[in-house]
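Participant: Quick one, model.cif (mmCIF, C-alpha atoms):
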data_structure
#
loop_
_atom_site.label_atom_id
_atom_site.label_comp_id
_atom_site.auth_asym_id
_atom_site.auth_seq_id
_atom_site.Cartn_x
_atom_site.Cartn_y
_atom_site.Cartn_z
CA PHE A 846 -59.81 62.39 -44.18
CA THR A 847 -57.55 64.78 -46.08
CA GLN A 848 -60.49 67.16 -46.49
CA HIS A 849 -61.70 66.82 -42.89
CA LYS A 850 -58.63 66.80 -40.68
CA PRO A 851 -59.18 66.49 -36.93
CA ASP A 852 -58.17 69.45 -34.78
CA ARG A 853 -56.40 67.25 -32.24
CA ILE A 854 -55.68 63.56 -31.82
CA VAL A 855 -55.43 61.54 -28.60
CA LEU A 856 -53.72 58.14 -28.81
CA LEU A 857 -53.50 55.64 -25.96
CA ASP A 858 -50.62 53.14 -25.77
CA VAL A 859 -50.45 52.51 -29.54
CA LEU A 860 -48.59 54.88 -31.84
CA VAL A 861 -48.00 54.38 -35.57
CA GLY A 862 -44.90 55.43 -37.47
CA PRO A 863 -44.04 58.95 -38.68
CA HIS A 864 -45.08 60.32 -42.04
CA ARG A 865 -42.61 59.21 -44.72
CA LYS A 866 -41.81 62.86 -45.51
CA PHE A 867 -40.99 63.71 -41.89
CA ASN A 868 -37.38 64.22 -40.80
CA ALA A 869 -36.62 62.09 -37.76
CA PRO A 870 -34.73 63.69 -34.83
CA SER A 871 -32.07 60.97 -35.08
CA GLN A 872 -31.12 58.72 -37.98
CA HIS A 873 -29.91 56.14 -35.44
CA GLN A 874 -33.31 55.77 -33.72
CA VAL A 875 -35.03 52.57 -34.83
CA SER A 876 -38.79 52.25 -35.04
CA TYR A 877 -38.89 48.95 -33.18
CA TYR A 878 -36.25 46.88 -31.43
CA LYS A 879 -35.62 43.28 -32.52
CA ARG A 880 -37.24 41.77 -29.45
CA GLU A 881 -40.32 43.95 -29.90
CA LEU A 882 -40.66 42.70 -33.47
CA LEU A 883 -40.30 39.08 -32.31
CA VAL A 884 -42.92 39.52 -29.60
CA CYS A 885 -45.30 41.26 -32.02
CA VAL A 886 -45.02 38.46 -34.57
CA ALA A 887 -45.57 35.82 -31.85
CA TYR A 888 -48.67 37.22 -30.18
CA ARG A 889 -50.24 38.55 -33.37
CA SER A 890 -49.81 35.18 -35.06
CA ALA A 891 -51.51 33.49 -32.11
CA LEU A 892 -54.47 35.88 -32.22
CA ALA A 893 -54.77 35.74 -36.01
CA SER A 894 -54.69 31.93 -36.00
CA SER A 895 -57.43 31.81 -33.37
CA PHE A 896 -59.76 33.97 -35.42
CA ALA A 897 -58.98 31.94 -38.55
CA MET A 898 -59.98 28.74 -36.73
CA LEU A 899 -63.21 30.45 -35.66
CA CYS A 900 -63.98 31.51 -39.24
CA PHE A 901 -63.16 28.27 -41.01
CA ILE A 902 -63.90 25.57 -38.42
CA SER A 903 -65.89 26.62 -35.34
CA GLU A 904 -66.10 29.01 -32.41
CA SER A 905 -65.03 26.27 -30.02
CA MET A 906 -61.95 25.49 -32.08
CA GLY A 907 -61.10 29.18 -32.16
CA LEU A 908 -61.33 29.37 -28.37
CA ILE A 909 -59.21 26.24 -27.91
CA THR A 910 -56.60 27.58 -30.33
CA LEU A 911 -56.52 30.91 -28.48
CA GLY A 912 -55.91 29.21 -25.15
CA ILE A 913 -53.18 26.90 -26.44
CA LEU A 914 -51.26 29.48 -28.49
CA CYS A 915 -51.46 32.25 -25.87
CA SER A 916 -50.17 29.81 -23.24
CA LEU A 917 -47.33 28.85 -25.57
CA VAL A 918 -46.44 32.50 -26.19
CA LYS A 919 -46.31 33.10 -22.44
CA VAL A 920 -44.18 29.98 -21.78
CA LEU A 921 -41.70 31.14 -24.42
CA GLY A 922 -41.43 34.51 -22.70
CA LEU A 923 -42.92 36.34 -25.66
CA SER A 924 -46.03 37.80 -24.04
CA PRO A 925 -46.20 41.58 -24.54
CA ILE A 926 -48.07 42.25 -21.29
CA ARG A 927 -47.26 41.76 -17.62
CA ARG A 928 -49.15 40.87 -14.46
CA ILE A 929 -50.85 44.27 -14.19
CA ASP A 930 -52.72 43.63 -17.45
CA ASP A 931 -53.33 39.95 -16.70
CA GLN A 932 -54.99 40.93 -13.42
CA LEU A 933 -57.20 43.44 -15.19
CA ILE A 934 -58.45 40.78 -17.62
CA ALA A 935 -58.92 38.20 -14.85
CA GLY A 936 -60.93 40.65 -12.77
CA ARG A 937 -63.56 41.23 -15.43
CA GLU A 938 -66.41 38.99 -16.49
CA ILE A 939 -65.76 38.51 -20.19
CA ASN A 940 -67.42 36.02 -22.49
CA PRO A 941 -64.43 33.94 -23.70
CA TYR A 942 -65.89 33.78 -27.20
CA HIS A 943 -65.86 37.56 -27.33
CA LEU A 944 -62.09 37.41 -26.86
CA VAL A 945 -61.79 35.26 -29.97
CA TYR A 946 -63.92 37.66 -32.00
CA MET A 947 -61.72 40.53 -30.82
CA CYS A 948 -58.81 38.88 -32.64
CA TYR A 949 -60.20 39.83 -36.05
CA PRO A 950 -57.83 42.81 -36.68
CA TYR A 951 -54.81 40.52 -36.51
CA TYR A 952 -56.33 38.03 -38.93
CA TYR A 953 -57.00 40.76 -41.48
CA LEU A 954 -53.54 42.24 -40.87
CA PHE A 955 -51.86 38.96 -41.83
CA ARG A 956 -54.22 38.52 -44.75
CA ALA A 957 -53.24 41.97 -45.99
CA ILE A 958 -49.56 41.05 -45.66
CA ILE A 959 -50.06 37.84 -47.62
CA THR A 960 -51.95 39.63 -50.39
CA ARG A 961 -49.42 42.52 -50.27
CA ARG A 962 -52.16 45.05 -49.58
CA SER A 963 -50.24 46.10 -46.46
CA LEU A 964 -47.62 47.79 -48.66
CA SER A 965 -50.14 50.33 -49.92
CA LEU A 966 -51.74 50.72 -46.49
CA ALA A 967 -48.38 51.52 -44.92
CA HIS A 968 -48.23 54.77 -46.91
CA HIS A 969 -51.54 55.95 -45.42
CA VAL A 970 -51.22 54.83 -41.78
CA SER A 971 -48.87 57.31 -40.12
CA LEU A 972 -48.68 60.43 -37.99
CA PRO A 973 -49.96 63.62 -39.65
CA LEU A 974 -47.30 65.47 -41.61
CA ASP A 975 -48.31 68.86 -40.15
CA LEU A 976 -48.21 68.43 -36.36
CA LEU A 977 -48.78 72.13 -35.80
CA GLU A 978 -52.12 71.88 -37.56
CA THR A 979 -53.01 68.52 -36.01
CA PRO A 980 -51.18 68.04 -32.69
CA ILE A 981 -51.14 64.69 -30.92
CA LEU A 982 -51.35 63.70 -27.27
CA TYR A 983 -49.84 60.25 -26.78
CA MET A 984 -50.15 58.48 -23.43
CA TYR A 985 -48.72 55.07 -22.65
CA GLY A 986 -48.14 52.72 -19.75
CA PRO A 987 -44.55 51.54 -19.26
CA ASP A 988 -45.40 48.37 -17.27
CA LYS A 989 -45.21 46.03 -20.29
CA ASN A 990 -42.62 43.65 -21.70
CA VAL A 991 -42.53 45.62 -24.96
CA MET A 992 -43.88 48.97 -26.07
CA PHE A 993 -46.63 49.25 -28.68
CA HIS A 994 -45.32 52.47 -30.18
CA ASP A 995 -42.93 53.45 -32.94
CA HIS A 996 -39.86 54.87 -31.19
CA GLN A 997 -39.18 57.32 -34.01
CA SER A 998 -42.67 58.73 -33.63
CA VAL A 999 -42.22 59.12 -29.87
CA ALA A 1000 -38.92 60.97 -30.46
CA ILE A 1001 -40.64 63.28 -32.95
CA LEU A 1002 -43.50 64.12 -30.56
CA GLU A 1003 -41.09 64.67 -27.67
CA ARG A 1004 -39.05 67.05 -29.83
CA GLU A 1005 -42.22 68.93 -30.78
CA GLU A 1006 -43.03 69.40 -27.08
CA ARG A 1007 -39.46 70.15 -25.98
CA GLU A 1008 -38.84 72.81 -28.65
CA GLY A 1009 -42.35 74.27 -28.53
CA ARG A 1010 -43.01 73.55 -32.19
CA SER A 1011 -46.61 72.45 -31.56
CA ASP A 1012 -49.00 71.31 -28.83
CA CYS A 1013 -47.87 67.69 -29.18
CA ARG A 1014 -47.19 65.88 -25.92
CA VAL A 1015 -45.99 62.47 -24.75
CA VAL A 1016 -47.12 61.33 -21.29
CA LYS A 1017 -45.60 58.27 -19.64
CA VAL A 1018 -48.25 57.08 -17.16
CA GLU A 1019 -46.62 55.27 -14.25
CA GLY A 1020 -48.52 52.40 -12.68
CA ALA A 1021 -50.14 51.40 -15.96
CA GLY A 1022 -49.68 48.75 -18.62
CA HIS A 1023 -51.42 48.37 -21.97
CA TRP A 1024 -54.91 49.35 -20.76
CA VAL A 1025 -53.74 52.66 -19.36
CA TYR A 1026 -57.23 54.22 -19.51
CA CYS A 1027 -58.57 51.50 -17.17
CA GLN A 1028 -55.61 51.44 -14.80
CA ARG A 1029 -55.12 55.22 -14.47
CA PRO A 1030 -58.34 56.88 -15.62
CA ASP A 1031 -57.64 59.89 -13.42
CA VAL A 1032 -54.39 60.68 -15.21
CA CYS A 1033 -55.91 60.06 -18.64
CA GLU A 1034 -58.85 62.37 -18.00
CA ARG A 1035 -56.64 65.12 -16.56
CA GLU A 1036 -54.17 65.04 -19.44
CA ILE A 1037 -56.88 64.90 -22.10
CA ARG A 1038 -58.70 67.87 -20.55
CA LYS A 1039 -55.44 69.83 -20.41
CA PHE A 1040 -54.66 68.94 -24.03
CA MET A 1041 -58.10 69.93 -25.28
CA LYS A 1042 -58.10 73.22 -23.37
CA SER A 1043 -54.68 74.14 -24.78
CA GLY A 1044 -56.29 74.25 -28.20
CA ASN A 1045 -59.03 76.72 -27.34
CA ASN A 1046 -57.67 79.25 -29.84
CA ALA A 1047 -58.57 76.88 -32.63
CA MET A 1048 -61.61 75.21 -31.09
CA GLY A 1049 -63.33 77.93 -29.08
CA ASP A 1050 -63.29 78.69 -25.37
CA ALA A 1051 -63.94 75.82 -23.00
CA ILE A 1052 -66.58 76.09 -20.31
CA GLU A 1053 -67.56 73.62 -17.61
CA ASP A 1054 -71.09 72.69 -16.64
CA GLU A 1055 -72.28 72.07 -13.08
CA ASN A 1056 -70.90 68.50 -13.23
CA GLY A 1057 -67.41 69.63 -14.22
CA ASN A 1058 -67.72 68.42 -17.81
CA SER A 1059 -65.90 70.53 -20.41
CA LYS A 1060 -67.84 71.97 -23.31
CA PHE A 1061 -66.61 74.13 -26.14
CA LYS A 1062 -68.44 77.19 -27.37
#
Mind converting the file's structure to structure tokens?

Facilitator:
Amino acid sequence: FTQHKPDRIVLLDVLVGPHRKFNAPSQHQVSYYKRELLVCVAYRSALASSFAMLCFISESMGLITLGILCSLVKVLGLSPIRRIDDQLIAGREINPYHLVYMCYPYYYLFRAIITRRSLSLAHHVSLPLDLLETPILYMYGPDKNVMFHDHQSVAILEREEREGRSDCRVVKVEGAGHWVYCQRPDVCEREIRKFMKSGNNAMGDAIEDENGNSKFK
């Protein structure tokens, strides 16, 4: 990755922390608030436990565990999402077992924490150090109980945009929750096109075909 850096990065509703060498705009800005950390531990534990039951016992037990623990998280008021995201899930035909299999990242996250591998990974998972060379467009939906982004990183990207240091941008997409690209695809497409076209100097001139699709020379 260090030898093949992307020209631009688009991130949707999830934003990792800043590079450890980056100077934050404010020393008083925390990465995550206490309630956000509590909610993250609660729902991630539920999803990780469900996948563990699937791996070590059975698919059915994994599905049962997912239903029980997610209901408990919601009863305790620790669900990260709101009705807008619940309605999106309910309106789609999804194999319930697929939901359990989708929990695998949380299982491996907790396994990495237990084996202390997460300490070394934390040094590599961050925003790029040079945001002028690799600008970021970050879009998120505010209709959630907690945000899935590092607040220091958001402050850094907003400062980049405000002071014209780079092409970085932060877009708060109203009327959207976690699955912002499903709830407001029009806004996502417009902002991504704008972001990609702003980098034509580095990527070549953009042209549109007869269907309105952007292509780069």

Participant: Find the residues near His943 of chain A: any atom within 10 Å, counting all atoms listed in the file, skip ones fewer than 5 places away on the same chain, and give them as a PyMOL selection string.

Facilitator: chain A and resi 904+908+948

Participant: What are the centre and edge lengths in Å, to one decimal, of the axis-aligned box around all listed atoms of segment 874-877 of chain A with 4 Å added on each side, as lines of an AutoDock Vina configuration file?

Facilitator:
center_x = -36.1
center_y = 52.4
center_z = -34.1
size_x = 13.6
size_y = 14.8
size_z = 9.9

Participant: Quick one: apply the PyMOL selection byres ((chain A and resi 970-972) around 12) to the file and drop the selected residues here as a PyMOL selection string.

Facilitator: chain A and resi 846+853-856+859-867+963-969+973-983+994-995+997-999+1001-1002+1013

Participant: Go ahead and save the picked residues with C-alpha atoms, as a compact mmCIF listing (two decimals), in the frame of the given file.

Facilitator:
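The resulting result.txt:
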# COMPACT_ATOMS: atom_id res chain seq x y z
CA PHE A 846 -59.81 62.39 -44.18
CA ARG A 853 -56.40 67.25 -32.24
CA ILE A 854 -55.68 63.56 -31.82
CA VAL A 855 -55.43 61.54 -28.60
CA LEU A 856 -53.72 58.14 -28.81
CA VAL A 859 -50.45 52.51 -29.54
CA LEU A 860 -48.59 54.88 -31.84
CA VAL A 861 -48.00 54.38 -35.57
CA GLY A 862 -44.90 55.43 -37.47
CA PRO A 863 -44.04 58.95 -38.68
CA HIS A 864 -45.08 60.32 -42.04
CA ARG A 865 -42.61 59.21 -44.72
CA LYS A 866 -41.81 62.86 -45.51
CA PHE A 867 -40.99 63.71 -41.89
CA SER A 963 -50.24 46.10 -46.46
CA LEU A 964 -47.62 47.79 -48.66
CA SER A 965 -50.14 50.33 -49.92
CA LEU A 966 -51.74 50.72 -46.49
CA ALA A 967 -48.38 51.52 -44.92
CA HIS A 968 -48.23 54.77 -46.91
CA HIS A 969 -51.54 55.95 -45.42
CA PRO A 973 -49.96 63.62 -39.65
CA LEU A 974 -47.30 65.47 -41.61
CA ASP A 975 -48.31 68.86 -40.15
CA LEU A 976 -48.21 68.43 -36.36
CA LEU A 977 -48.78 72.13 -35.80
CA GLU A 978 -52.12 71.88 -37.56
CA THR A 979 -53.01 68.52 -36.01
CA PRO A 980 -51.18 68.04 -32.69
CA ILE A 981 -51.14 64.69 -30.92
CA LEU A 982 -51.35 63.70 -27.27
CA TYR A 983 -49.84 60.25 -26.78
CA HIS A 994 -45.32 52.47 -30.18
CA ASP A 995 -42.93 53.45 -32.94
CA GLN A 997 -39.18 57.32 -34.01
CA SER A 998 -42.67 58.73 -33.63
CA VAL A 999 -42.22 59.12 -29.87
CA ILE A 1001 -40.64 63.28 -32.95
CA LEU A 1002 -43.50 64.12 -30.56
CA CYS A 1013 -47.87 67.69 -29.18

Participant: When you draw a straight line from atom CA of Ala957 of chain A to atom CA of Asn990 of chain A, how long is it in Å?

Facilitator: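 Straight-line distance from atom CA of Ala957 of chain A to atom CA of Asn990 of chain A works out to 26.6 Å.
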
Participant: Rank nothing, just name the residue among A:Val875, A:Leu857, A:Ala897, A:Ile934 nearest to His996 of chain A, using only C-alpha atoms.

Facilitator: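 Once distances to His996 of chain A are computed over only C-alpha atoms, the minimum belongs to A:Val875.
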
Participant: I'd like to know which of A:Lys989, A:Arg1004, A:Lys1042, A:His873 is closest to Asp858 of chain A, using all atoms listed in the file.

Facilitator: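 Nearest to Asp858 of chain A: A:Lys989.
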
Participant: Applied to this file, what does the PyMOL selection byres ((chain A and resi 911) around 10) return in terms of residues, put as JSON, numbers by chain?

Facilitator: {"A": [891, 892, 893, 894, 895, 896, 898, 899, 905, 906, 907, 908, 909, 910, 912, 913, 914, 915, 916, 917, 941, 942, 944, 945, 948]}

Participant: Can you work out the spacing between atom CA of Asp852 of chain A and atom CA of Arg1007 of chain A in Å, to one decimal?

Facilitator: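 Taking atom CA of Asp852 of chain A and atom CA of Arg1007 of chain A, their separation equals 20.7 Å.
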
Participant: If I take atom CA of Arg1010 of chain A and atom CA of Gln874 of chain A, how far is one from the other in Å, to one decimal?

Facilitator: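 Distance reported for this atom pair: 20.3 Å.
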
Participant: Rank nothing, just name the residue among A:Lys1039, A:Glu881, A:Val918, A:Ser903 nearest to Phe993 of chain A, using only C-alpha atoms.

Facilitator: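 Of all the options, A:Glu881 lies closest to Phe993 of chain A.
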
Participant: Go through A:Glu1008, A:Gly936, A:Ile929, A:Ser1043 one by one, measure the shortest atom-to-atom distance of each to Val1025 of chain A using all atoms listed in the file, and give the residue with the smallest value.

Facilitator: A:Ile929

Participant: Could you give me, as a list in words, the residues within 8 Å of Pro925 of chain A, counting all atoms listed in the file and dropping anything in the same chain fewer than 4 positions from it?

Facilitator: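 Listing them by chain and then by number gives Val884, Cys885, Tyr888, Lys989, Asn990, Val991 and Met992 of chain A.
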
Participant: Keeping C-alpha atoms, write segment 931-1014 of chain A of the structure just shown out as a PDB file, in the first residue's frame.

Facilitator:
ATOM      1  CA  ASP A 931     -34.312  -0.710  11.081  1.00  0.00           C
ATOM      2  CA  GLN A 932     -36.873   0.017   8.361  1.00  0.00           C
ATOM      3  CA  LEU A 933     -34.262  -0.424   5.656  1.00  0.00           C
ATOM      4  CA  ILE A 934     -33.322  -3.872   6.987  1.00  0.00           C
ATOM      5  CA  ALA A 935     -36.966  -4.899   7.454  1.00  0.00           C
ATOM      6  CA  GLY A 936     -37.813  -3.866   3.904  1.00  0.00           C
ATOM      7  CA  ARG A 937     -35.281  -6.176   2.299  1.00  0.00           C
ATOM      8  CA  GLU A 938     -35.440  -9.918   1.801  1.00  0.00           C
ATOM      9  CA  ILE A 939     -32.320 -11.121   3.577  1.00  0.00           C
ATOM     10  CA  ASN A 940     -31.432 -14.683   4.455  1.00  0.00           C
ATOM     11  CA  PRO A 941     -31.157 -14.512   8.274  1.00  0.00           C
ATOM     12  CA  TYR A 942     -28.159 -16.833   8.222  1.00  0.00           C
ATOM     13  CA  HIS A 943     -26.353 -14.360   5.990  1.00  0.00           C
ATOM     14  CA  LEU A 944     -26.698 -11.806   8.776  1.00  0.00           C
ATOM     15  CA  VAL A 945     -24.853 -14.129  11.137  1.00  0.00           C
ATOM     16  CA  TYR A 946     -22.054 -14.681   8.636  1.00  0.00           C
ATOM     17  CA  MET A 947     -21.754 -10.910   8.227  1.00  0.00           C
ATOM     18  CA  CYS A 948     -20.741 -10.725  11.889  1.00  0.00           C
ATOM     19  CA  TYR A 949     -17.322 -12.238  11.186  1.00  0.00           C
ATOM     20  CA  PRO A 950     -15.335  -8.932  11.326  1.00  0.00           C
ATOM     21  CA  TYR A 951     -16.390  -8.378  14.933  1.00  0.00           C
ATOM     22  CA  TYR A 952     -15.391 -11.892  15.949  1.00  0.00           C
ATOM     23  CA  TYR A 953     -11.920 -11.445  14.480  1.00  0.00           C
ATOM     24  CA  LEU A 954     -11.679  -7.966  16.012  1.00  0.00           C
ATOM     25  CA  PHE A 955     -12.212  -9.358  19.512  1.00  0.00           C
ATOM     26  CA  ARG A 956      -9.889 -12.256  18.798  1.00  0.00           C
ATOM     27  CA  ALA A 957      -7.200  -9.769  17.770  1.00  0.00           C
ATOM     28  CA  ILE A 958      -7.763  -7.829  20.995  1.00  0.00           C
ATOM     29  CA  ILE A 959      -7.452 -10.972  23.095  1.00  0.00           C
ATOM     30  CA  THR A 960      -4.257 -12.026  21.335  1.00  0.00           C
ATOM     31  CA  ARG A 961      -2.977  -8.416  21.451  1.00  0.00           C
ATOM     32  CA  ARG A 962      -2.578  -8.302  17.679  1.00  0.00           C
ATOM     33  CA  SER A 963      -4.827  -5.233  17.649  1.00  0.00           C
ATOM     34  CA  LEU A 964      -2.003  -3.169  19.181  1.00  0.00           C
ATOM     35  CA  SER A 965       0.151  -3.605  16.087  1.00  0.00           C
ATOM     36  CA  LEU A 966      -2.806  -3.188  13.729  1.00  0.00           C
ATOM     37  CA  ALA A 967      -3.719   0.124  15.345  1.00  0.00           C
ATOM     38  CA  HIS A 968      -0.487   1.654  14.023  1.00  0.00           C
ATOM     39  CA  HIS A 969      -1.432   0.783  10.426  1.00  0.00           C
ATOM     40  CA  VAL A 970      -5.171   1.551  10.364  1.00  0.00           C
ATOM     41  CA  SER A 971      -5.457   5.334  10.180  1.00  0.00           C
ATOM     42  CA  LEU A 972      -5.971   8.277   7.869  1.00  0.00           C
ATOM     43  CA  PRO A 973      -3.118   8.946   5.421  1.00  0.00           C
ATOM     44  CA  LEU A 974      -0.439  11.230   6.814  1.00  0.00           C
ATOM     45  CA  ASP A 975      -0.280  13.316   3.617  1.00  0.00           C
ATOM     46  CA  LEU A 976      -3.857  14.453   2.939  1.00  0.00           C
ATOM     47  CA  LEU A 977      -2.735  16.716   0.112  1.00  0.00           C
ATOM     48  CA  GLU A 978      -1.394  13.713  -1.764  1.00  0.00           C
ATOM     49  CA  THR A 979      -4.314  11.457  -0.810  1.00  0.00           C
ATOM     50  CA  PRO A 980      -7.431  13.541  -0.043  1.00  0.00           C
ATOM     51  CA  ILE A 981     -10.503  11.989   1.547  1.00  0.00           C
ATOM     52  CA  LEU A 982     -14.211  12.504   1.012  1.00  0.00           C
ATOM     53  CA  TYR A 983     -16.124  11.396   4.103  1.00  0.00           C
ATOM     54  CA  MET A 984     -19.924  11.222   4.045  1.00  0.00           C
ATOM     55  CA  TYR A 985     -22.081  10.193   6.971  1.00  0.00           C
ATOM     56  CA  GLY A 986     -25.701  10.062   8.042  1.00  0.00           C
ATOM     57  CA  PRO A 987     -26.523  11.831  11.327  1.00  0.00           C
ATOM     58  CA  ASP A 988     -29.740   9.888  12.067  1.00  0.00           C
ATOM     59  CA  LYS A 989     -28.079   7.397  14.440  1.00  0.00           C
ATOM     60  CA  ASN A 990     -27.774   7.032  18.205  1.00  0.00           C
ATOM     61  CA  VAL A 991     -23.979   7.228  17.953  1.00  0.00           C
ATOM     62  CA  MET A 992     -21.547   8.143  15.207  1.00  0.00           C
ATOM     63  CA  PHE A 993     -19.194   5.585  13.670  1.00  0.00           C
ATOM     64  CA  HIS A 994     -16.372   8.038  13.109  1.00  0.00           C
ATOM     65  CA  ASP A 995     -13.374   9.275  15.043  1.00  0.00           C
ATOM     66  CA  HIS A 996     -14.185  12.868  16.014  1.00  0.00           C
ATOM     67  CA  GLN A 997     -10.545  13.931  15.803  1.00  0.00           C
ATOM     68  CA  SER A 998     -10.392  12.689  12.221  1.00  0.00           C
ATOM     69  CA  VAL A 999     -13.566  14.587  11.323  1.00  0.00           C
ATOM     70  CA  ALA A1000     -12.083  17.771  12.831  1.00  0.00           C
ATOM     71  CA  ILE A1001      -8.899  17.277  10.807  1.00  0.00           C
ATOM     72  CA  LEU A1002     -10.769  16.794   7.519  1.00  0.00           C
ATOM     73  CA  GLU A1003     -13.022  19.784   8.216  1.00  0.00           C
ATOM     74  CA  ARG A1004      -9.948  21.932   8.882  1.00  0.00           C
ATOM     75  CA  GLU A1005      -8.388  20.733   5.620  1.00  0.00           C
ATOM     76  CA  GLU A1006     -11.524  21.833   3.741  1.00  0.00           C
ATOM     77  CA  ARG A1007     -12.027  25.076   5.662  1.00  0.00           C
ATOM     78  CA  GLU A1008      -8.435  26.291   5.232  1.00  0.00           C
ATOM     79  CA  GLY A1009      -8.033  24.972   1.691  1.00  0.00           C
ATOM     80  CA  ARG A1010      -5.102  22.752   2.612  1.00  0.00           C
ATOM     81  CA  SER A1011      -6.297  19.878   0.409  1.00  0.00           C
ATOM     82  CA  ASP A1012      -9.344  18.523  -1.422  1.00  0.00           C
ATOM     83  CA  CYS A1013     -10.592  16.749   1.717  1.00  0.00           C
ATOM     84  CA  ARG A1014     -14.292  17.170   2.446  1.00  0.00           C
TER      85      ARG A1014
END
